[in-house]
Amino acid sequence: MEKLFDNTETAFALKTDTELDRAYFLFKMIANEPLVRIGTAVTNFAIKAHLPVEGLIRATVFDHFCGGVNEQDCLPVVDKMYTKGVASVLDYSVEGKEDEAQFDAALAMTLRTIDFAIAREAIPFAVFKPTGFGRFELYEKLGRKETLTPDEQAEWNRVIERFDRVCSAAHQGNVMLLIDGEESWMQDAADDLVEQMMRKYNKEKAVVFNTLQLYRHDRVPYLKELHERAKADGFHIGMKLVRGAYMEKENKRAEELGYPTPICKDKAATDANFDAAVYYMMEHLEHMAIFAGTHNESSSYRLMQLMAEHGIAKNDTRVFFGQLYGMSDNISYNLAAHGYNVAKYLPFGPVRDVMPYLIRRAEENTSVAGQTSRELNLLKKERDRRKTVGR
């Protein structure tokens with residue numbers, strides 16, 4: 001297959017020289033693991049001490065990885081990306097809130113992003129995290145099949161109602177809805193609840209999407225079992241496919257509590273698992289829709305090849321490629337330039353509240369072998385190209 005992802009002129013067409021230099025500087029910093037650790041500690045201290053650092057954060061790491069402080073603030077970025085055919089998924093990235101008022105606020109924000117998406121072709125998806133709508137411990141208890149107290153049952157009923165309200169709004173507004181995956185020990189309860197929503201709202205096509213974290217070795221069997229239930233009960237499956245984001249936490253907990261880790265033994269096994277899920281879904285695309293959330297070039301080429309082999313049009317809305325804003329522009333913009341459906345996750349929220357997300361991004365880039373060096377090489381290549389031939 002033709003190699004598309006080395007074209008830096010297409011990848012960085014929207015970046016000014018200044019933005020290109022900032023991105024290069026940022027990834028040089030992220031490549032330095034001790035610097036990331038020190039920067040994280042200093043930033044956390046500054047935020048907690050209410051020091052006036054928001055302007056500096058906004059001008060550097062925030063503006064590179066986030067769309068803005070609210071959905072309206074994101075619009076210039078959304079519109080700019082869509083001039084190159086890249087859609088947006090507005091992701092309210094405030095994490096770690098654990099009370100009913102915050103859950104209701106997350107519900108209201110998700111409903112707002114759905115309303116926002118209904119009116120804009122450039123925003124085909126909305127998204128939320130299960131723990132944005134309910135306490136982690138509640139999902140965990142249900143996952144262990146423990147009986148809830150009457151108060152906990154009332155609390156869980158409110159979680160169900162929040163899920164139902166956003167799924168109903170997405171269904172009515174013809175907006176696809178991504179529901180993120182989280183830690184394995186709470187995910188069973190989330191899976192069951194998302195499946196309920198699929199049964200209700202995915203009768204004609206996939207509107208509600210769950211997430212498969214394919215560093216877990218049990219996820220392809222889960223997908224196949226879900227498919228059997230979907231065929232029997234007449235609903236479509238929407239799945240966001242990712243490798244996963246909680247590997248260190250998963251392995252550490254398994255070791256501490258003495259149970260077998262749910263994580264694949266190595267990266268090669270994870271890659272094979274991801275490919276197996278893509279292959280299975282493409283084999284059954286008449287009942288499924290894929291959001292392939294990957295920064296892996298080989299995985300992207302493989303999905304492109306499968307689409308060609310199955311005679312699936314590049315713009316078939318049952319297949320989307322997805323990357324995070326601020327990363328892998330060489331994949332996103334080159335795919336879009338060749339007619340594929342692409343959507344960038346565009347995080348937003350108040351600068352202080354989004355810091356846990358930004359710190360996770362920096363740490364993830366530091367720990368994922370090759371990710372940061374690839375970004376740096378591509379940015380350097382484009383800077384050199386512009387010095388030679390201009391914009």
# chains A, B, ... in the order shown; residues from 1 in each chain; ligands from 1
$ closest_atom_pairs --of "stretch 90-191 of chain A" --to "stretch 337-352 of chain A" --cutoff "9 Å" --atoms "only C-alpha atoms" --output "Markdown table"
| residue | atom | partner | partner_atom | distance |
| --- | --- | --- | --- | --- |
| A:Leu90 | CA | A:Leu346 | CA | 5.0 |
| A:Asp91 | CA | A:Pro347 | CA | 4.4 |
| A:Tyr92 | CA | A:Phe348 | CA | 5.2 |
| A:Ser93 | CA | A:Pro347 | CA | 5.5 |
| A:Val94 | CA | A:Gly349 | CA | 6.4 |
| A:Ala122 | CA | A:Ala343 | CA | 8.8 |
| A:Ile123 | CA | A:Ala343 | CA | 8.2 |
| A:Pro124 | CA | A:Ala343 | CA | 8.2 |
| A:Phe125 | CA | A:Ala343 | CA | 8.4 |
$ residues_around --residues "stretch 22-26 of chain A" --least-positions-apart "4" --cutoff "9 Å" --atoms "only C-alpha atoms" --output "PyMOL selection string"
chain A and resi 17-18+30-31+60-61+64+326+375-376+379-380
$ write_last_selection --atoms "C-alpha atoms" --output "PDB file, in the first residue's frame"
ATOM      1  CA  ASP A  17       6.252  28.520  11.443  1.00  0.00           C
ATOM      2  CA  THR A  18       5.848  29.751  15.021  1.00  0.00           C
ATOM      3  CA  ILE A  30       8.523  15.747  26.673  1.00  0.00           C
ATOM      4  CA  ALA A  31      11.333  13.523  25.365  1.00  0.00           C
ATOM      5  CA  THR A  60       2.460  26.201  25.671  1.00  0.00           C
ATOM      6  CA  VAL A  61       1.188  22.733  26.524  1.00  0.00           C
ATOM      7  CA  HIS A  64      -0.946  22.386  21.764  1.00  0.00           C
ATOM      8  CA  GLY A 326      -1.687  17.755  19.025  1.00  0.00           C
ATOM      9  CA  GLU A 375       6.821  13.514  16.332  1.00  0.00           C
ATOM     10  CA  LEU A 376      10.203  15.236  16.595  1.00  0.00           C
ATOM     11  CA  LEU A 379       8.478  18.282  12.850  1.00  0.00           C
ATOM     12  CA  LYS A 380      12.188  18.592  12.050  1.00  0.00           C
TER      13      LYS A 380
END
$ closest_residue --among "A:Glu286, A:Glu255, A:Glu248, A:Glu140" --to "A:Ala190" --atoms "only C-alpha atoms"
A:Glu140
$ atom_distance --atom1 "atom CA of A:Val86" --atom2 "atom CA of A:Gly322"
9.5 Å
$ residues_around --residues "A:Ile118" --least-positions-apart "6" --cutoff "12 Å" --atoms "only C-alpha atoms" --output "PDB file with C-alpha atoms, in the first residue's frame"
ATOM      1  CA  LEU A 111     -25.699  17.490  26.410  1.00  0.00           C
ATOM      2  CA  ARG A 112     -24.315  20.884  25.380  1.00  0.00           C
ATOM      3  CA  PRO A 124     -19.904  14.065  14.117  1.00  0.00           C
ATOM      4  CA  PHE A 125     -19.293  12.644  17.617  1.00  0.00           C
ATOM      5  CA  ALA A 126     -19.807  13.500  21.270  1.00  0.00           C
ATOM      6  CA  ALA A 169     -30.158  13.136  22.810  1.00  0.00           C
ATOM      7  CA  ALA A 170     -27.475  11.694  20.526  1.00  0.00           C
ATOM      8  CA  HIS A 171     -29.989   9.362  18.878  1.00  0.00           C
ATOM      9  CA  GLN A 172     -32.501  12.163  18.305  1.00  0.00           C
ATOM     10  CA  GLY A 173     -29.810  14.505  16.993  1.00  0.00           C
ATOM     11  CA  ASN A 174     -28.120  11.887  14.756  1.00  0.00           C
ATOM     12  CA  VAL A 175     -24.815  12.383  16.590  1.00  0.00           C
ATOM     13  CA  MET A 176     -22.587   9.383  17.260  1.00  0.00           C
ATOM     14  CA  LEU A 177     -21.662   8.984  20.935  1.00  0.00           C
TER      15      LEU A 177
END
$ closest_residue --among "A:Leu14, A:Thr8, A:Asp151, A:His284" --to "A:Val78" --atoms "only C-alpha atoms"
A:Leu14
$ closest_residue --among "A:Ala108, A:Cys74, A:Leu142, A:Ile263" --to "A:Val166" --atoms "only C-alpha atoms"
A:Ala108
$ select_by_dssp --residues "stretch 98-345 of chain A" --states "helix (DSSP H, G or I)" --output "PyMOL selection string"
chain A and resi 100-118+130-132+136-143+150-173+184-201+219-233+247-257+267-283+285-287+297-309+329-337
$ select_by_dssp --residues "stretch 83-291 of chain A" --states "strand (DSSP E)" --output "PyMOL selection string"
chain A and resi 86-92+125-128+176-179+208-213+237-242+288-291
$ residues_around --residues "A:Arg219" --least-positions-apart "4" --cutoff "12 Å" --atoms "only C-alpha atoms" --output "JSON, numbers by chain"
{"A": [181, 184, 187, 188, 191, 210, 211, 212, 213, 214, 215, 223, 224, 225, 226, 239, 241, 242, 243, 244, 262, 263, 264, 270, 273, 274, 275, 276, 277, 278, 280]}
$ atom_distance --atom1 "atom CA of A:Asp233" --atom2 "atom CA of A:Lys203"
9.3 Å
$ atom_distance --atom1 "atom CA of A:Thr317" --atom2 "atom CA of A:Ile290"
8.9 Å
$ residues_around --residues "A:Arg253" --least-positions-apart "6" --cutoff "12 Å" --atoms "only C-alpha atoms" --output "list in words"
Glu183, Ser184, Trp185, Tyr246, Met247, Tyr259, Pro260, Thr261, Pro262 and Ile263 of chain A
$ closest_residue --among "A:Arg383, A:Val220, A:Tyr279, A:His50" --to "A:Leu20" --atoms "only C-alpha atoms"
A:Arg383
$ residues_around --residues "A:Ser168" --least-positions-apart "6" --cutoff "10 Å" --atoms "only C-alpha atoms" --output "VMD selection string"
chain A and resid 162 174 197 200 to 201 207 to 208
$ residues_around --residues "A:Glu137" --least-positions-apart "6" --cutoff "12 Å" --atoms "only C-alpha atoms" --output "list in words"
Glu98, Asp99, Pro130, Thr131, Gly143, Arg144, Glu146, Leu148, Glu152, Glu155, Trp156, Glu183, Trp185, Met186, Gln187, Ala189 and Ala190 of chain A
